[in-house]
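Peer 1: Following this message is one structure expressed as C-alpha cells.
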Amino acid sequence: MGDVYVQGAFNQMGGSVNVSRSQNVLNAKKQEGFSVSQSKGKRTRKTRHCDSNTSESEDEILILKRGPSKSKVKMTRKAPCSYSDTSASDSEKEVPPTKTRGREFLATVKEDLLVHYASRVRHESPLPWCERFKIDLEETYTTLEMKDDRNKHKRLEDIFEPHPRCSKPRHILIEGAAGIGKSTMCRKLAWEWSTHSECDKYRVNDFDLVFLLEARTMHGDIVHCIKEQLLPANVDSHDLQHLISELGGRVLIIIDGLDELPDDTRSTILQLLEGNEMRHACIVTTTRPGQPMCVTKFFDTYLVNVGFTEERAVQFVTKYMQATGTPMSYFSKLTEAIKHGSEIRDLTRTPLNLLFMCILSEDNKGIEFTTLTMLLRDVVDCVTRKFSAKKYGKVQSTDNKVLCDLGKLAVEGLLQGRLIFSKSVICAQYNNPDMFVIGFLTVDYSSSKLDPVEQCFFPHKCSRNFSPLFH
C-alpha cells in the first residue's frame with residue numbers, strides 16, 4: 001500500500017491526530033481494538049454521540065495514497081463516554097486551548113471596560129465648584145449638528161457611513177471649538193457600546209472592544225495608554241497587544257482631544273494613524289481646529305461639530321429643567337433669547353455655554369445674557385460668591401488674591417503648552433490652598449493605575465483661556 005497520510009480526529013482521544021506512517025498504522029489500530037474497513041468516498045467526518053451506559057464513537061479518517069485515488073478508513077472503538085452534553089456543537093467541543101484562553105481574556109477585558117464606563121462615563125460633574133451636580137448622559141444628551149467636507153449635515157449616528165472618498169472609513173476626525181461637545185460625543189459612543197442597545201443607533205455593537213482615551217494624559221505606546229487609563233494593572237501588555245491585533249477591525253479606539261496630546265506621545269499617535277500599529281482598528285479622534293496637515297492627511301472622514309441647532313438648544317434647556325426639577329419660569333428668558341435673540345444665538349450653539357446659562361438662570365431665577373464676556377463674568381461672580389459663603393459663612397467681595405494666582409497659573413500653562421499641573425508644585429510656588437477649593441481647578445489623581453499622583457487642571461480650555469484676564 002505504501003506510505004500514507006492519515007488525518008482525522010478521535011473523539012475519545014480528545015483532540016486531533018495527524019500522522020504520516022506506513023501500513024503498520026492500521027495494524028497497530030487493530031491491536032488497540034479498532035475494527036478497520038476501507039471504502040472510497042469524499043472527505044467527511046462524523047461523530048456518533050453516546051449515552052452514559054454504553055458508548056461507541058466513530059470517526060472517518062481520510063487516507064491519501066500516493067497517486068490519484070483516495071480511500072476512507074473507518075475506525076470504531078468501544079469506549080466510555082467522556083462527555084454528556086450531546087447537544088453541543090463540534091466547534092464548541094473542539095476549541096483549541098489557545099482560542100479558549102483568547103476568548104476568556106477578551107471576556108475579562110470587556111468586563112473591565114464595562115465596569116470602568118459604568119462608573120466614569122455615564123455621570124459627569126462638569127462644575128468643579130459643585131461636585132454634587134452631575135449630568136446623566138442618558139437623560140441630558142442632545143444631538144449635536146455636524147458637517148462633512150462637502151458641507152452636508154451629519155450626526156453622530158452617521159460617522160461610520162461610507163462616502164464618495166471612502167467606502168469603509170476607519171480613521172475619523174471630528175473637529176470643533178472649545179466647549180462644543182466633542183468630549184460628550186466620545187463618552188456617548190463608549191456608553192452606547194457598554195449598554196449594547198438592541199437598536200444600535202450609533203453602530204457600535206459591531207466592535208468587540210471600545211477604548212476611550214483622554215489625549216492629555218497619554219504617555220508611552222498605545223497599549224500602555226489603554227492599560228493606564230482603562231484597565232487593571234495586572235492585565236498583561238503582550239496579551240493585550242495580541243488580542244487587539246487578532247480582533248483587527250472589531251476594535252474601536254476613541255482619542256478625545258488630539259490638540260491636548262503631550263509632545264512625547266505625538267510619535268505614538270502618528271504610528272497609529274499611519275497603520276504601523278493596529279493597522280485594522282477603527283480610530284475616532286476629536287480636536288480643536290488647527291491640526292497640521294501631517295496629522296489630518298491620515299483620516300478617511302473629516303467632520304466639523306457646529307453645536308446645537310435652535311431646536312436642539314431649546315431641547316437641552318428642557319432636559320436640564322426636567323433633570324434638576326427647576327420651574328420652567330426660570331428659563332423663560334433664556335428660551336425666548338434662543339428663539340429670537342440673534343445676539344446670543346452663537347453662544348447657545350456651544351453646550352458648555354448653554355449649561356452655564358441654565359445654571360445661572362436657575363441660580364438667579366432668570367437672567368439675561370448678551371455677550372460671552374458677560375456670561376463668563378457672571379459665572380466667575382457666581383462661583384466666587386459661593387466660595388466666600390462657604391469659607392466665611394457669608395458672601396463677600398471677589399477674592400482677588402486667589403483669582404490673580406489662578407490667572408498666573410493659566411498664563412504659565414498657555415506659554416508652556418501645559419494642561420496638567422502637579423499639586424505639590426503649585427503648593428510650593430503659590431502657597432495658596434484656596435486655589436484648589438474655589439472651583440476653577442479640578443484636583444484629581446492621575447489616570448495611571450500603576451503610579452497615581454495628585455494633579456490639577458482647568459476642567460475645560462474655556463476656563464483656562466479666560467483665567468488670564470484675572471492676572
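Following the order of the C-alpha cells, chains are lettered A, B, ..., residues in each are numbered from 1, and ligands are numbered from 1.
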So which residues touch segment 244-248 of chain A within 8 Å, counting only C-alpha atoms, skipping near sequence neighbours fewer than 2 positions away, as a list in words?
Peer 2: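 Once the nearby chain positions are removed, what remains is Asp208, Leu240, Gln241, His242, Arg250, Val251, Met278, Arg279, His280 and Ala281 of chain A.
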Peer 1: Give me every strand (DSSP E) residue in segment 329-446 of chain A, going by DSSP on the backbone, as a PyMOL selection string.
Peer 2: chain A and resi 420-422+442-445
Peer 1: Quick one: DSSP alpha helix (DSSP H) residues in segment 143-316 of chain A, as number ranges by chain?
Peer 2: A: 182-195, 222-230, 237-247, 266-274, 293-296, 310-316
Peer 1: Which residues of segment 108-147 of chain A sit at most 12 Å from segment 346-361 of chain A, using only C-alpha atoms? Give each one's shortest atom pair and distance in Å (one decimal place), in chain and ascending residue order, as a tab-separated table.
Peer 2:
```
residue	atom	partner	partner_atom	distance
A:Ser125	CA	A:Leu355	CA	11.9
A:Pro126	CA	A:Leu352	CA	8.8
A:Leu127	CA	A:Phe356	CA	9.4
A:Cys130	CA	A:Ile359	CA	11.1
A:Phe133	CA	A:Ile359	CA	10.3
A:Lys134	CA	A:Leu355	CA	11.9
A:Ile135	CA	A:Leu355	CA	10.3
A:Thr140	CA	A:Leu355	CA	10.8
A:Tyr141	CA	A:Pro351	CA	10.1
A:Thr142	CA	A:Pro351	CA	9.2
A:Thr143	CA	A:Pro351	CA	10.5
A:Leu144	CA	A:Pro351	CA	9.0
A:Glu145	CA	A:Arg349	CA	9.4
A:Met146	CA	A:Arg349	CA	11.7
```
Peer 1: Go through A:Glu336, A:Glu310, A:Glu175, A:Glu111 one by one, measure the shortest atom-to-atom distance of each to Thr296 of chain A using only C-alpha atoms, and give the residue with the smallest value.
Peer 2: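 Going through A:Glu336, A:Glu310, A:Glu175, A:Glu111 one by one, the smallest distance to Thr296 of chain A is for A:Glu175.
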Peer 1: Can you tell me which residues surround segment 185-193 of chain A at a distance of at most 7 Å, considering only C-alpha atoms, apart from same-chain residues fewer than 4 positions away, and format the answer as a VMD selection string?
Peer 2: chain A and resid 117 121 to 122 181 197 204 to 205 210 212 254 256
Peer 1: For the selection just defined, write its residues with all heavy atoms to a file, as a PDB file, in the first residue's frame.
Peer 2:
```pdb
ATOM      1  N   TYR A 117     -16.629  52.138  32.388  1.00  0.00           N
ATOM      2  CA  TYR A 117     -17.558  53.074  31.755  1.00  0.00           C
ATOM      3  C   TYR A 117     -18.790  53.318  32.611  1.00  0.00           C
ATOM      4  O   TYR A 117     -19.335  54.421  32.622  1.00  0.00           O
ATOM      5  CB  TYR A 117     -17.959  52.556  30.371  1.00  0.00           C
ATOM      6  CG  TYR A 117     -16.824  52.518  29.370  1.00  0.00           C
ATOM      7  CD1 TYR A 117     -16.789  51.581  28.344  1.00  0.00           C
ATOM      8  CD2 TYR A 117     -15.757  53.416  29.459  1.00  0.00           C
ATOM      9  CE1 TYR A 117     -15.739  51.547  27.429  1.00  0.00           C
ATOM     10  CE2 TYR A 117     -14.706  53.384  28.568  1.00  0.00           C
ATOM     11  CZ  TYR A 117     -14.706  52.450  27.558  1.00  0.00           C
ATOM     12  OH  TYR A 117     -13.661  52.417  26.666  1.00  0.00           O
ATOM     13  N   VAL A 121     -18.288  57.175  32.990  1.00  0.00           N
ATOM     14  CA  VAL A 121     -18.746  57.774  31.737  1.00  0.00           C
ATOM     15  C   VAL A 121     -20.182  58.285  31.800  1.00  0.00           C
ATOM     16  O   VAL A 121     -20.469  59.381  31.336  1.00  0.00           O
ATOM     17  CB  VAL A 121     -18.599  56.761  30.576  1.00  0.00           C
ATOM     18  CG1 VAL A 121     -19.278  57.274  29.313  1.00  0.00           C
ATOM     19  CG2 VAL A 121     -17.123  56.507  30.294  1.00  0.00           C
ATOM     20  N   ARG A 122     -21.085  57.500  32.369  1.00  0.00           N
ATOM     21  CA  ARG A 122     -22.500  57.896  32.326  1.00  0.00           C
ATOM     22  C   ARG A 122     -22.741  59.222  33.058  1.00  0.00           C
ATOM     23  O   ARG A 122     -23.459  60.086  32.563  1.00  0.00           O
ATOM     24  CB  ARG A 122     -23.373  56.802  32.927  1.00  0.00           C
ATOM     25  CG  ARG A 122     -24.835  57.206  32.972  1.00  0.00           C
ATOM     26  CD  ARG A 122     -25.760  56.096  33.364  1.00  0.00           C
ATOM     27  NE  ARG A 122     -27.139  56.557  33.396  1.00  0.00           N
ATOM     28  CZ  ARG A 122     -28.180  55.769  33.613  1.00  0.00           C
ATOM     29  NH1 ARG A 122     -28.007  54.474  33.816  1.00  0.00           N
ATOM     30  NH2 ARG A 122     -29.404  56.274  33.618  1.00  0.00           N
ATOM     31  N   GLY A 181     -18.854  70.253  22.587  1.00  0.00           N
ATOM     32  CA  GLY A 181     -19.451  68.958  22.891  1.00  0.00           C
ATOM     33  C   GLY A 181     -18.699  67.759  22.344  1.00  0.00           C
ATOM     34  O   GLY A 181     -19.249  66.656  22.278  1.00  0.00           O
ATOM     35  N   SER A 197     -27.143  48.419  23.298  1.00  0.00           N
ATOM     36  CA  SER A 197     -28.543  48.652  22.939  1.00  0.00           C
ATOM     37  C   SER A 197     -28.944  47.837  21.715  1.00  0.00           C
ATOM     38  O   SER A 197     -28.178  47.706  20.752  1.00  0.00           O
ATOM     39  CB  SER A 197     -28.758  50.148  22.650  1.00  0.00           C
ATOM     40  OG  SER A 197     -30.052  50.384  22.157  1.00  0.00           O
ATOM     41  N   VAL A 204     -22.231  50.794  17.093  1.00  0.00           N
ATOM     42  CA  VAL A 204     -21.024  50.424  17.843  1.00  0.00           C
ATOM     43  C   VAL A 204     -21.052  48.972  18.321  1.00  0.00           C
ATOM     44  O   VAL A 204     -20.049  48.470  18.830  1.00  0.00           O
ATOM     45  CB  VAL A 204     -20.819  51.362  19.060  1.00  0.00           C
ATOM     46  CG1 VAL A 204     -20.423  52.746  18.602  1.00  0.00           C
ATOM     47  CG2 VAL A 204     -22.060  51.406  19.940  1.00  0.00           C
ATOM     48  N   ASN A 205     -22.176  48.287  18.141  1.00  0.00           N
ATOM     49  CA  ASN A 205     -22.260  46.897  18.594  1.00  0.00           C
ATOM     50  C   ASN A 205     -21.387  45.960  17.769  1.00  0.00           C
ATOM     51  O   ASN A 205     -21.132  44.823  18.177  1.00  0.00           O
ATOM     52  CB  ASN A 205     -23.712  46.405  18.563  1.00  0.00           C
ATOM     53  CG  ASN A 205     -24.557  47.009  19.674  1.00  0.00           C
ATOM     54  OD1 ASN A 205     -24.043  47.726  20.531  1.00  0.00           O
ATOM     55  ND2 ASN A 205     -25.844  46.746  19.653  1.00  0.00           N
ATOM     56  N   VAL A 210     -14.119  48.679  22.805  1.00  0.00           N
ATOM     57  CA  VAL A 210     -14.085  50.128  22.562  1.00  0.00           C
ATOM     58  C   VAL A 210     -13.236  50.761  23.659  1.00  0.00           C
ATOM     59  O   VAL A 210     -13.542  50.626  24.852  1.00  0.00           O
ATOM     60  CB  VAL A 210     -15.500  50.734  22.560  1.00  0.00           C
ATOM     61  CG1 VAL A 210     -15.422  52.254  22.475  1.00  0.00           C
ATOM     62  CG2 VAL A 210     -16.318  50.187  21.393  1.00  0.00           C
ATOM     63  N   LEU A 212     -11.837  54.245  25.174  1.00  0.00           N
ATOM     64  CA  LEU A 212     -11.985  55.705  25.227  1.00  0.00           C
ATOM     65  C   LEU A 212     -10.805  56.296  25.979  1.00  0.00           C
ATOM     66  O   LEU A 212     -10.653  56.067  27.184  1.00  0.00           O
ATOM     67  CB  LEU A 212     -13.308  56.080  25.904  1.00  0.00           C
ATOM     68  CG  LEU A 212     -13.527  57.561  26.203  1.00  0.00           C
ATOM     69  CD1 LEU A 212     -13.455  58.404  24.938  1.00  0.00           C
ATOM     70  CD2 LEU A 212     -14.865  57.774  26.923  1.00  0.00           C
ATOM     71  N   ILE A 254     -11.070  55.450  20.621  1.00  0.00           N
ATOM     72  CA  ILE A 254     -11.541  56.844  20.624  1.00  0.00           C
ATOM     73  C   ILE A 254     -10.525  57.682  21.395  1.00  0.00           C
ATOM     74  O   ILE A 254     -10.272  57.427  22.573  1.00  0.00           O
ATOM     75  CB  ILE A 254     -12.929  56.958  21.285  1.00  0.00           C
ATOM     76  CG1 ILE A 254     -13.933  55.999  20.629  1.00  0.00           C
ATOM     77  CG2 ILE A 254     -13.444  58.382  21.210  1.00  0.00           C
ATOM     78  CD1 ILE A 254     -15.250  55.900  21.365  1.00  0.00           C
ATOM     79  N   ASP A 256      -9.860  61.393  22.629  1.00  0.00           N
ATOM     80  CA  ASP A 256     -10.515  62.684  22.820  1.00  0.00           C
ATOM     81  C   ASP A 256      -9.486  63.778  23.095  1.00  0.00           C
ATOM     82  O   ASP A 256      -8.717  63.683  24.046  1.00  0.00           O
ATOM     83  CB  ASP A 256     -11.504  62.592  23.989  1.00  0.00           C
ATOM     84  CG  ASP A 256     -12.253  63.895  24.213  1.00  0.00           C
ATOM     85  OD1 ASP A 256     -12.473  64.628  23.233  1.00  0.00           O
ATOM     86  OD2 ASP A 256     -12.622  64.178  25.368  1.00  0.00           O
TER      87      ASP A 256
END
```
Peer 1: Just to confirm, what's the straight-line distance from atom CA of Val235 of chain A to atom CA of Phe207 of chain A in Å (one decimal)?
Peer 2: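 About the pair atom CA of Val235 of chain A and atom CA of Phe207 of chain A: they are 20.3 Å apart.
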